[in-house]
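S.K.: Next comes input33.txt, compact mmCIF, C-alpha atoms:
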# COMPACT_ATOMS: atom_id res chain seq x y z
CA MET O 1 70.47 -152.26 162.94
CA ASN O 2 68.98 -153.97 159.87
CA GLU O 3 65.37 -153.44 158.87
CA THR O 4 64.19 -156.87 160.03
CA ALA O 5 65.57 -156.36 163.54
CA ALA O 6 64.13 -152.84 163.66
CA GLY O 7 60.68 -154.11 162.74
CA PHE O 8 60.12 -152.33 159.45
CA ARG O 9 60.57 -153.05 155.78
CA LEU O 10 61.21 -150.82 152.78
CA LEU O 11 59.78 -152.43 149.65
CA PRO O 12 61.31 -150.98 146.48
CA GLY O 13 59.24 -149.32 143.83
CA ALA O 14 60.17 -147.95 140.42
CA PRO O 15 63.36 -145.86 140.43
CA ASP O 16 61.48 -142.90 138.96
CA SER O 17 58.52 -143.00 141.38
CA PRO O 18 58.32 -140.18 143.95
CA VAL O 19 55.54 -141.92 145.87
CA LEU O 20 56.10 -143.61 149.22
CA LEU O 21 53.16 -145.52 150.71
CA HIS O 22 53.62 -145.59 154.49
CA VAL O 23 51.81 -148.35 156.40
CA PRO O 24 52.50 -147.85 160.13
CA HIS O 25 49.70 -149.67 161.96
CA ALA O 26 48.85 -152.91 160.10
CA SER O 27 50.81 -155.42 162.21
CA ARG O 28 49.73 -157.33 165.33
CA ALA O 29 53.25 -158.59 166.15
CA VAL O 30 54.58 -157.96 169.67
CA PRO O 31 58.04 -159.38 170.53
CA GLY O 32 58.12 -161.58 173.63
CA ASP O 33 60.31 -159.27 175.69
CA VAL O 34 57.94 -156.36 174.95
CA ARG O 35 54.90 -158.52 175.76
CA ARG O 36 56.22 -159.15 179.28
CA ASP O 37 55.70 -155.49 180.21
CA ILE O 38 52.10 -155.45 178.98
CA VAL O 39 49.71 -156.14 181.86
CA LEU O 40 46.77 -157.44 179.79
CA ASP O 41 46.03 -161.15 179.80
CA GLY O 42 45.97 -163.05 176.51
CA PRO O 43 42.31 -162.59 175.57
CA SER O 44 42.37 -158.91 176.59
CA LEU O 45 45.48 -158.28 174.50
CA HIS O 46 43.84 -160.01 171.54
CA ARG O 47 40.81 -157.73 171.85
CA GLU O 48 43.00 -154.65 172.14
CA LEU O 49 44.88 -155.62 169.00
CA ASP O 50 41.53 -156.00 167.23
CA HIS O 51 40.67 -152.41 168.09
CA ILE O 52 44.05 -150.70 167.64
CA THR O 53 45.35 -152.44 164.50
CA ASP O 54 44.67 -150.98 161.06
CA ALA O 55 44.02 -154.46 159.77
CA TRP O 56 44.74 -155.31 156.16
CA THR O 57 46.07 -151.85 155.26
CA ASP O 58 49.34 -153.51 154.27
CA GLU O 59 47.34 -155.60 151.81
CA ILE O 60 45.63 -152.50 150.44
CA ALA O 61 49.04 -150.89 149.88
CA ALA O 62 50.42 -154.07 148.32
CA GLY O 63 47.47 -154.28 145.95
CA ALA O 64 47.89 -150.64 145.02
CA ALA O 65 51.57 -151.15 144.29
CA ALA O 66 50.75 -154.09 142.04
CA ASP O 67 48.00 -152.20 140.19
CA ALA O 68 49.81 -148.88 139.72
CA ALA O 69 51.27 -148.05 136.32
CA VAL O 70 54.50 -146.98 138.06
CA ARG O 71 55.12 -148.99 141.21
CA PRO O 72 55.36 -146.84 144.36
CA TRP O 73 57.76 -147.51 147.21
CA ARG O 74 56.32 -148.93 150.43
CA PHE O 75 57.52 -148.49 154.00
CA VAL O 76 55.74 -151.01 156.22
CA ASN O 77 55.85 -151.37 159.99
CA ARG O 78 56.17 -155.07 160.83
CA LEU O 79 55.46 -154.60 164.54
CA SER O 80 52.29 -153.58 166.35
CA ARG O 81 51.87 -149.98 167.39
CA LEU O 82 51.65 -151.40 170.93
CA VAL O 83 55.44 -151.76 170.71
CA VAL O 84 55.94 -148.13 169.71
CA ASP O 85 53.75 -145.87 167.63
CA PRO O 86 56.02 -144.41 164.96
CA GLU O 87 53.55 -141.64 164.15
CA ARG O 88 53.67 -140.02 167.58
CA PHE O 89 56.11 -137.43 168.84
CA PRO O 90 58.45 -139.16 171.31
CA ASP O 91 58.26 -136.29 173.81
CA GLU O 92 55.93 -133.77 175.46
CA ARG O 93 54.82 -132.35 172.08
CA GLU O 94 52.51 -135.34 171.65
CA GLU O 95 48.91 -134.51 172.57
CA MET O 96 47.98 -138.20 172.89
CA LEU O 97 50.03 -138.36 176.08
CA ALA O 98 46.87 -137.03 177.70
CA VAL O 99 45.26 -140.45 177.23
CA GLY O 100 48.40 -142.53 177.80
CA MET O 101 49.04 -143.08 174.08
CA GLY O 102 52.25 -141.26 173.23
CA ALA O 103 55.05 -143.01 171.37
CA VAL O 104 54.90 -145.80 173.97
CA TYR O 105 51.37 -146.58 175.11
CA THR O 106 50.50 -147.05 178.78
CA ARG O 107 46.71 -147.13 178.31
CA THR O 108 44.40 -149.01 175.94
CA THR O 109 41.83 -147.72 173.48
CA HIS O 110 39.27 -147.97 176.30
CA GLY O 111 41.40 -146.24 178.93
CA GLU O 112 42.51 -149.36 180.78
CA ALA O 113 46.07 -150.04 181.94
CA LEU O 114 48.30 -151.46 179.20
CA ARG O 115 51.64 -151.00 180.97
CA PRO O 116 52.44 -149.91 184.53
CA ALA O 117 51.81 -146.20 185.06
CA ASP O 118 55.49 -145.62 185.89
CA PHE O 119 56.74 -147.55 182.85
CA ASP O 120 59.90 -146.05 181.33
CA GLY O 121 59.55 -146.24 177.55
CA ARG O 122 62.94 -144.78 176.66
CA ASP O 123 64.45 -148.16 175.83
CA LEU O 124 61.64 -148.94 173.38
CA VAL O 125 62.06 -145.52 171.77
CA ALA O 126 65.79 -146.15 171.32
CA ARG O 127 65.35 -149.72 170.05
CA TYR O 128 62.39 -149.27 167.75
CA PHE O 129 61.16 -145.68 167.32
CA ALA O 130 64.46 -143.96 166.50
CA PRO O 131 65.66 -146.50 163.87
CA TYR O 132 62.23 -146.43 162.23
CA ALA O 133 62.16 -142.64 162.02
CA ARG O 134 65.70 -142.54 160.68
CA ALA O 135 65.02 -145.16 158.00
CA LEU O 136 61.82 -143.46 156.87
CA GLN O 137 63.65 -140.14 156.61
CA GLU O 138 66.31 -141.86 154.49
CA ALA O 139 63.60 -143.33 152.26
CA VAL O 140 62.15 -139.86 151.70
CA ASP O 141 65.63 -138.45 151.05
CA ALA O 142 66.18 -141.17 148.45
CA ARG O 143 62.98 -140.20 146.59
CA LEU O 144 64.09 -136.56 146.64
CA ALA O 145 67.50 -137.47 145.28
CA ALA O 146 66.05 -139.68 142.56
CA THR O 147 63.07 -137.61 141.42
CA GLY O 148 63.36 -134.15 142.98
CA ARG O 149 60.25 -134.63 145.09
CA ALA O 150 58.62 -137.07 147.51
CA VAL O 151 54.92 -137.81 148.03
CA VAL O 152 54.23 -139.58 151.33
CA VAL O 153 50.82 -141.27 151.46
CA ASP O 154 49.91 -142.70 154.87
CA VAL O 155 47.55 -145.70 154.67
CA HIS O 156 45.39 -146.11 157.80
CA SER O 157 41.98 -147.32 158.86
CA TYR O 158 39.63 -146.38 161.68
CA PRO O 159 36.61 -147.91 163.42
CA THR O 160 33.04 -147.10 162.47
CA ALA O 161 32.15 -146.24 166.08
CA ARG O 162 34.23 -143.80 168.10
CA LEU O 163 36.56 -145.40 170.65
CA PRO O 164 37.14 -143.76 174.06
CA TYR O 165 40.76 -142.80 173.35
CA GLU O 166 39.88 -140.53 170.42
CA LEU O 167 40.46 -136.90 171.35
CA HIS O 168 38.69 -135.45 168.32
CA GLY O 169 36.16 -138.11 167.42
CA GLU O 170 33.00 -136.03 167.65
CA GLY O 171 33.02 -134.98 163.98
CA PRO O 172 31.96 -136.80 160.81
CA ARG O 173 33.18 -140.36 160.22
CA PRO O 174 33.16 -140.58 156.40
CA PRO O 175 34.05 -143.69 154.41
CA VAL O 176 37.42 -142.05 153.70
CA CYS O 177 39.00 -139.33 155.82
CA LEU O 178 41.81 -137.32 154.26
CA GLY O 179 44.34 -135.99 156.77
CA THR O 180 46.17 -132.89 155.64
CA ASP O 181 48.91 -130.45 156.64
CA ALA O 182 48.82 -126.74 155.81
CA PHE O 183 52.40 -126.77 154.54
CA HIS O 184 52.79 -130.23 153.01
CA THR O 185 49.37 -130.97 151.47
CA PRO O 186 48.71 -128.92 148.33
CA PRO O 187 45.12 -128.60 147.05
CA GLU O 188 45.98 -130.67 143.99
CA LEU O 189 46.87 -133.65 146.18
CA VAL O 190 43.55 -133.40 148.01
CA ALA O 191 41.67 -133.11 144.72
CA ALA O 192 43.40 -136.19 143.33
CA ALA O 193 42.45 -138.18 146.44
CA ARG O 194 38.83 -137.03 146.34
CA GLU O 195 38.58 -138.19 142.74
CA ALA O 196 40.32 -141.51 143.42
CA PHE O 197 37.97 -142.37 146.31
CA ALA O 198 34.77 -140.91 144.84
CA GLU O 199 33.05 -144.30 144.52
CA PHE O 200 33.11 -145.08 148.25
CA GLY O 201 30.41 -142.68 149.39
CA GLY O 202 32.23 -139.54 150.40
CA THR O 203 35.40 -138.07 151.83
CA ALA O 204 36.01 -135.46 154.52
CA LEU O 205 39.09 -133.52 155.53
CA ASP O 206 40.73 -134.06 158.93
CA SER O 207 37.73 -135.73 160.58
CA PRO O 208 37.88 -137.76 162.72
CA PHE O 209 41.70 -137.78 162.39
CA ALA O 210 43.88 -134.94 161.17
CA GLY O 211 47.41 -134.37 159.97
CA THR O 212 50.03 -136.22 157.97
CA TYR O 213 53.39 -137.88 158.54
CA VAL O 214 56.47 -135.99 157.39
CA PRO O 215 59.98 -136.68 158.74
CA LEU O 216 61.04 -133.98 161.18
CA LYS O 217 64.03 -133.11 158.98
CA HIS O 218 61.59 -131.93 156.32
CA TYR O 219 58.56 -130.93 158.36
CA GLY O 220 57.55 -127.34 157.73
CA LYS O 221 60.76 -126.70 155.78
CA ASP O 222 60.89 -128.58 152.48
CA PRO O 223 57.99 -128.01 150.06
CA ARG O 224 59.35 -130.77 147.82
CA VAL O 225 57.92 -133.23 150.36
CA THR O 226 54.14 -133.44 150.10
CA ALA O 227 51.98 -135.67 152.23
CA LEU O 228 48.46 -136.98 152.71
CA MET O 229 46.93 -139.34 155.26
CA ILE O 230 44.26 -141.75 154.09
CA GLU O 231 41.99 -143.03 156.89
CA ILE O 232 39.57 -145.69 155.64
CA ARG O 233 36.52 -146.50 157.76
CA ARG O 234 36.80 -150.19 158.49
CA ASP O 235 33.27 -151.22 157.59
CA VAL O 236 34.10 -150.26 154.00
CA TYR O 237 36.38 -153.26 153.60
CA MET O 238 36.39 -155.61 156.62
CA SER O 239 34.43 -157.17 159.47
CA GLU O 240 34.97 -155.17 162.66
CA PRO O 241 36.70 -155.02 165.02
CA GLY O 242 39.42 -157.42 163.80
CA GLY O 243 37.81 -159.75 161.30
CA ALA O 244 38.30 -160.82 157.73
CA PRO O 245 38.52 -158.51 154.74
CA GLY O 246 35.72 -158.21 152.22
CA PRO O 247 35.48 -157.21 148.56
CA GLY O 248 36.04 -153.57 149.44
CA LEU O 249 39.73 -154.32 149.98
CA GLY O 250 40.40 -154.84 146.29
CA ALA O 251 38.39 -151.79 145.32
CA LEU O 252 40.34 -149.66 147.80
CA ALA O 253 43.63 -150.97 146.47
CA GLY O 254 42.51 -149.86 143.02
CA ALA O 255 41.61 -146.41 144.35
CA VAL O 256 45.01 -146.00 146.00
CA ALA O 257 46.63 -147.10 142.74
CA ARG O 258 44.70 -144.40 140.87
CA LEU O 259 45.90 -141.83 143.37
CA VAL O 260 49.49 -143.08 143.00
CA ASP O 261 49.29 -142.85 139.22
CA THR O 262 47.91 -139.32 139.35
CA VAL O 263 50.36 -137.81 141.82
CA GLY O 264 53.33 -139.89 140.70
CA ALA O 265 53.17 -138.88 137.05
CA PRO O 266 56.09 -136.77 135.81
CA GLY O 267 55.37 -133.11 136.40
CA ALA O 268 52.26 -133.79 138.49
CA PRO O 269 51.62 -131.27 141.25
CA GLY O 270 51.74 -132.77 144.73
Represent the structure contained in this file as structure tokens.
M.R.:
Amino acid sequence: MNETAAGFRLLPGAPDSPVLLHVPHASRAVPGDVRRDIVLDGPSLHRELDHITDAWTDEIAAGAAADAAVRPWRFVNRLSRLVVDPERFPDEREEMLAVGMGAVYTRTTHGEALRPADFDGRDLVARYFAPYARALQEAVDARLAATGRAVVVDVHSYPTARLPYELHGEGPRPPVCLGTDAFHTPPELVAAAREAFAEFGGTALDSPFAGTYVPLKHYGKDPRVTALMIEIRRDVYMSEPGGAPGPGLGALAGAVARLVDTVGAPGAPG
């Protein structure tokens, strides 16, 4: 399956860059055959996409790639997370199953029905989730082969006000949340991110969202793969819930570029 059919795109960076910007939730696109199994009417689906989409994060990553001294690689999901969510476990390991939001969602951000309760998502996992995971693993493997390390930076956003689906939303909601992993996020990577985003009014670790994305082949096994999740509060750069971007978008792209330059430099830790 080619990348267009699978719904993702790998955008090349510099051959000597270890950095891979991963943008999983920026798209609103839902193929027609997938739409038929979604029970929301048109206006309700539009509102759900406003809430669930990390709008403009693909533009932030694109701006960062253009601004960086050494262009990072970008792996961009071209389909909505309402098709499949590539950052979930596709089985019972996924805690978001408790609110109907595993790899294939059956509930909305507000707990309403999205698909029938007995919906079988295995076909969507086979068609979309598995090829995506495989291609992202191959992209990480390619950075390891080319540079000896890979730095995966997830680019997300999150709403200013907690939505009902959030399992751990009671904590701080800083302008920039940094999601970490005990094995794959070294202190130097966190420090570089704190410095890069210092101008936005504060960062916090793992609140309201925690963790990072690392391909299962490498997860907990390969220290050459480091990872950090960037969760940007949406009021910093856009009109919520699904409106236009503001001047903060360009500033954030510059901050991501600074992070890329720091961690992508030859010999840089993380």
S.K.: Give the answer as one residue: which of O:Thr160, O:Gln137, O:Thr185, O:Ser207 has the shortest atom-to-atom distance to O:Leu20, using only C-alpha atoms?
M.R.: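 For O:Leu20, the nearest of the given residues is O:Gln137.
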S.K.: Find the residue from O:Ala146, O:Val125, O:Leu79, O:Leu11 that sits nearest to O:Ala62; use all atoms listed in the file when measuring.
M.R.: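 Result for the nearest residue to O:Ala62: O:Leu11.
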S.K.: What lies within 8 Å of O:Asp206 using all atoms listed in the file, ignoring chain neighbours under 2 positions off, as a ChimeraX atom specification?
M.R.: /O:177-180,204,208-211
S.K.: Rank nothing, just name the residue among O:Arg194, O:Arg35, O:Arg115, O:Arg78 nearest to O:Leu228, using only C-alpha atoms.
M.R.: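 The closest residue to O:Leu228 is O:Arg194.
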S.K.: Could you name the residues that touch O:Asn77 at 12 Å or less, counting all atoms listed in the file, but leaving out those on the same chain fewer than 4 positions away, as an mmCIF file with C-alpha atoms, in the frame of the given file?
M.R.:
data_model
loop_
_atom_site.group_PDB
_atom_site.id
_atom_site.type_symbol
_atom_site.label_atom_id
_atom_site.label_comp_id
_atom_site.auth_asym_id
_atom_site.auth_seq_id
_atom_site.Cartn_x
_atom_site.Cartn_y
_atom_site.Cartn_z
ATOM 1 C CA GLU O 3 65.370 -153.440 158.870
ATOM 2 C CA THR O 4 64.190 -156.870 160.030
ATOM 3 C CA ALA O 5 65.570 -156.360 163.540
ATOM 4 C CA ALA O 6 64.130 -152.840 163.660
ATOM 5 C CA GLY O 7 60.680 -154.110 162.740
ATOM 6 C CA PHE O 8 60.120 -152.330 159.450
ATOM 7 C CA ARG O 9 60.570 -153.050 155.780
ATOM 8 C CA LEU O 10 61.210 -150.820 152.780
ATOM 9 C CA LEU O 11 59.780 -152.430 149.650
ATOM 10 C CA LEU O 21 53.160 -145.520 150.710
ATOM 11 C CA HIS O 22 53.620 -145.590 154.490
ATOM 12 C CA VAL O 23 51.810 -148.350 156.400
ATOM 13 C CA PRO O 24 52.500 -147.850 160.130
ATOM 14 C CA HIS O 25 49.700 -149.670 161.960
ATOM 15 C CA ALA O 26 48.850 -152.910 160.100
ATOM 16 C CA SER O 27 50.810 -155.420 162.210
ATOM 17 C CA ARG O 28 49.730 -157.330 165.330
ATOM 18 C CA ALA O 29 53.250 -158.590 166.150
ATOM 19 C CA VAL O 30 54.580 -157.960 169.670
ATOM 20 C CA THR O 53 45.350 -152.440 164.500
ATOM 21 C CA ASP O 54 44.670 -150.980 161.060
ATOM 22 C CA THR O 57 46.070 -151.850 155.260
ATOM 23 C CA ASP O 58 49.340 -153.510 154.270
ATOM 24 C CA ARG O 81 51.870 -149.980 167.390
ATOM 25 C CA LEU O 82 51.650 -151.400 170.930
ATOM 26 C CA VAL O 83 55.440 -151.760 170.710
ATOM 27 C CA VAL O 84 55.940 -148.130 169.710
ATOM 28 C CA ASP O 85 53.750 -145.870 167.630
ATOM 29 C CA PRO O 86 56.020 -144.410 164.960
ATOM 30 C CA GLU O 87 53.550 -141.640 164.150
ATOM 31 C CA TYR O 128 62.390 -149.270 167.750
ATOM 32 C CA PHE O 129 61.160 -145.680 167.320
ATOM 33 C CA PRO O 131 65.660 -146.500 163.870
ATOM 34 C CA TYR O 132 62.230 -146.430 162.230
ATOM 35 C CA ALA O 133 62.160 -142.640 162.020
ATOM 36 C CA ALA O 135 65.020 -145.160 158.000
ATOM 37 C CA LEU O 136 61.820 -143.460 156.870
ATOM 38 C CA ASP O 154 49.910 -142.700 154.870
ATOM 39 C CA VAL O 155 47.550 -145.700 154.670
ATOM 40 C CA HIS O 156 45.390 -146.110 157.800
#
S.K.: I want to know what sits within 6 Å of O:Thr147, based on all atoms listed in the file, with residues of the same chain fewer than 3 positions away left out; could you give that as a list of chain:residue names?
M.R.: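 In the requested form, the answer reads O:Pro18, O:Arg143, O:Leu144.
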S.K.: Which one is closest to O:Arg127: O:Ala113, O:Met96, O:Ala193, O:Val34? Count all atoms listed in the file.
M.R.: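 Closest candidate: O:Val34.
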S.K.: Rank nothing, just name the residue among O:Pro186, O:Gly13, O:Gly100, O:Gly254 nearest to O:Ala139, using all atoms listed in the file.
M.R.: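 Of all the options, O:Gly13 lies closest to O:Ala139.
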S.K.: Just the number, please: distance in Å from atom CA of O:Gly102 to atom CA of O:Val214, one decimal.
M.R.: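 These atoms are spaced 17.2 Å apart.
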S.K.: Choose the residue, out of O:Leu167, O:Ala66, O:Ile60, O:Ala145, that has the smallest atom-to-atom separation from O:Val99; count all atoms listed in the file.
M.R.: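 That would be O:Leu167, the residue with the smallest distance to O:Val99.
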S.K.: Report the distance between atom CA of O:Leu259 and atom CA of O:Leu163 in Å, rounded to one decimal place.
M.R.: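 Atom CA of O:Leu259 sits 29.1 Å away from atom CA of O:Leu163.
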S.K.: Just want the 12 Å neighbourhood of O:Asp118, counted on all atoms listed in the file, with same-chain residues fewer than 6 positions away dropped. Output as a PyMOL selection string.
M.R.: chain O and resi 37+100+104-107
S.K.: By how many Å are atom CA of O:Ser157 and atom CA of O:Glu195 apart?
M.R.: 18.8 Å
S.K.: Mind giving me the axis-aligned box for stretch 6-24 of chain O with 3 Å on every side, centre plus edges in Å to one decimal, as JSON?
M.R.:
{"center_x": 58.0, "center_y": -147.1, "center_z": 151.3, "size_x": 18.3, "size_y": 19.9, "size_z": 30.7}
S.K.: What are the closest atom pairs, with distances in Å to one decimal, for all residues of stretch 91-206 of chain O lying within 9 Å of stretch 241-252 of chain O? Consider only C-alpha atoms, order rows by chain and residue number, and present the result as a Markdown table.
M.R.:
| residue | atom | partner | partner_atom | distance |
| --- | --- | --- | --- | --- |
| O:Pro159 | CA | O:Pro241 | CA | 7.3 |
| O:Phe197 | CA | O:Leu252 | CA | 7.8 |
| O:Phe200 | CA | O:Leu252 | CA | 8.6 |
S.K.: Find the spatial neighbours of O:Ala192, counting all atoms listed in the file, within a cut-off of 12 Å - ignore same-chain residues fewer than 5 positions away - and output them as a list in words.
M.R.: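 Result of the neighbour search: Leu178, Thr185, Pro186, Pro187, Phe197, Ala198, Thr203, Leu228, Ala255, Val256, Ala257, Arg258, Leu259, Val260, Asp261, Thr262, Val263, Gly264, Ala265, Ala268, Pro269 and Gly270 of chain O.
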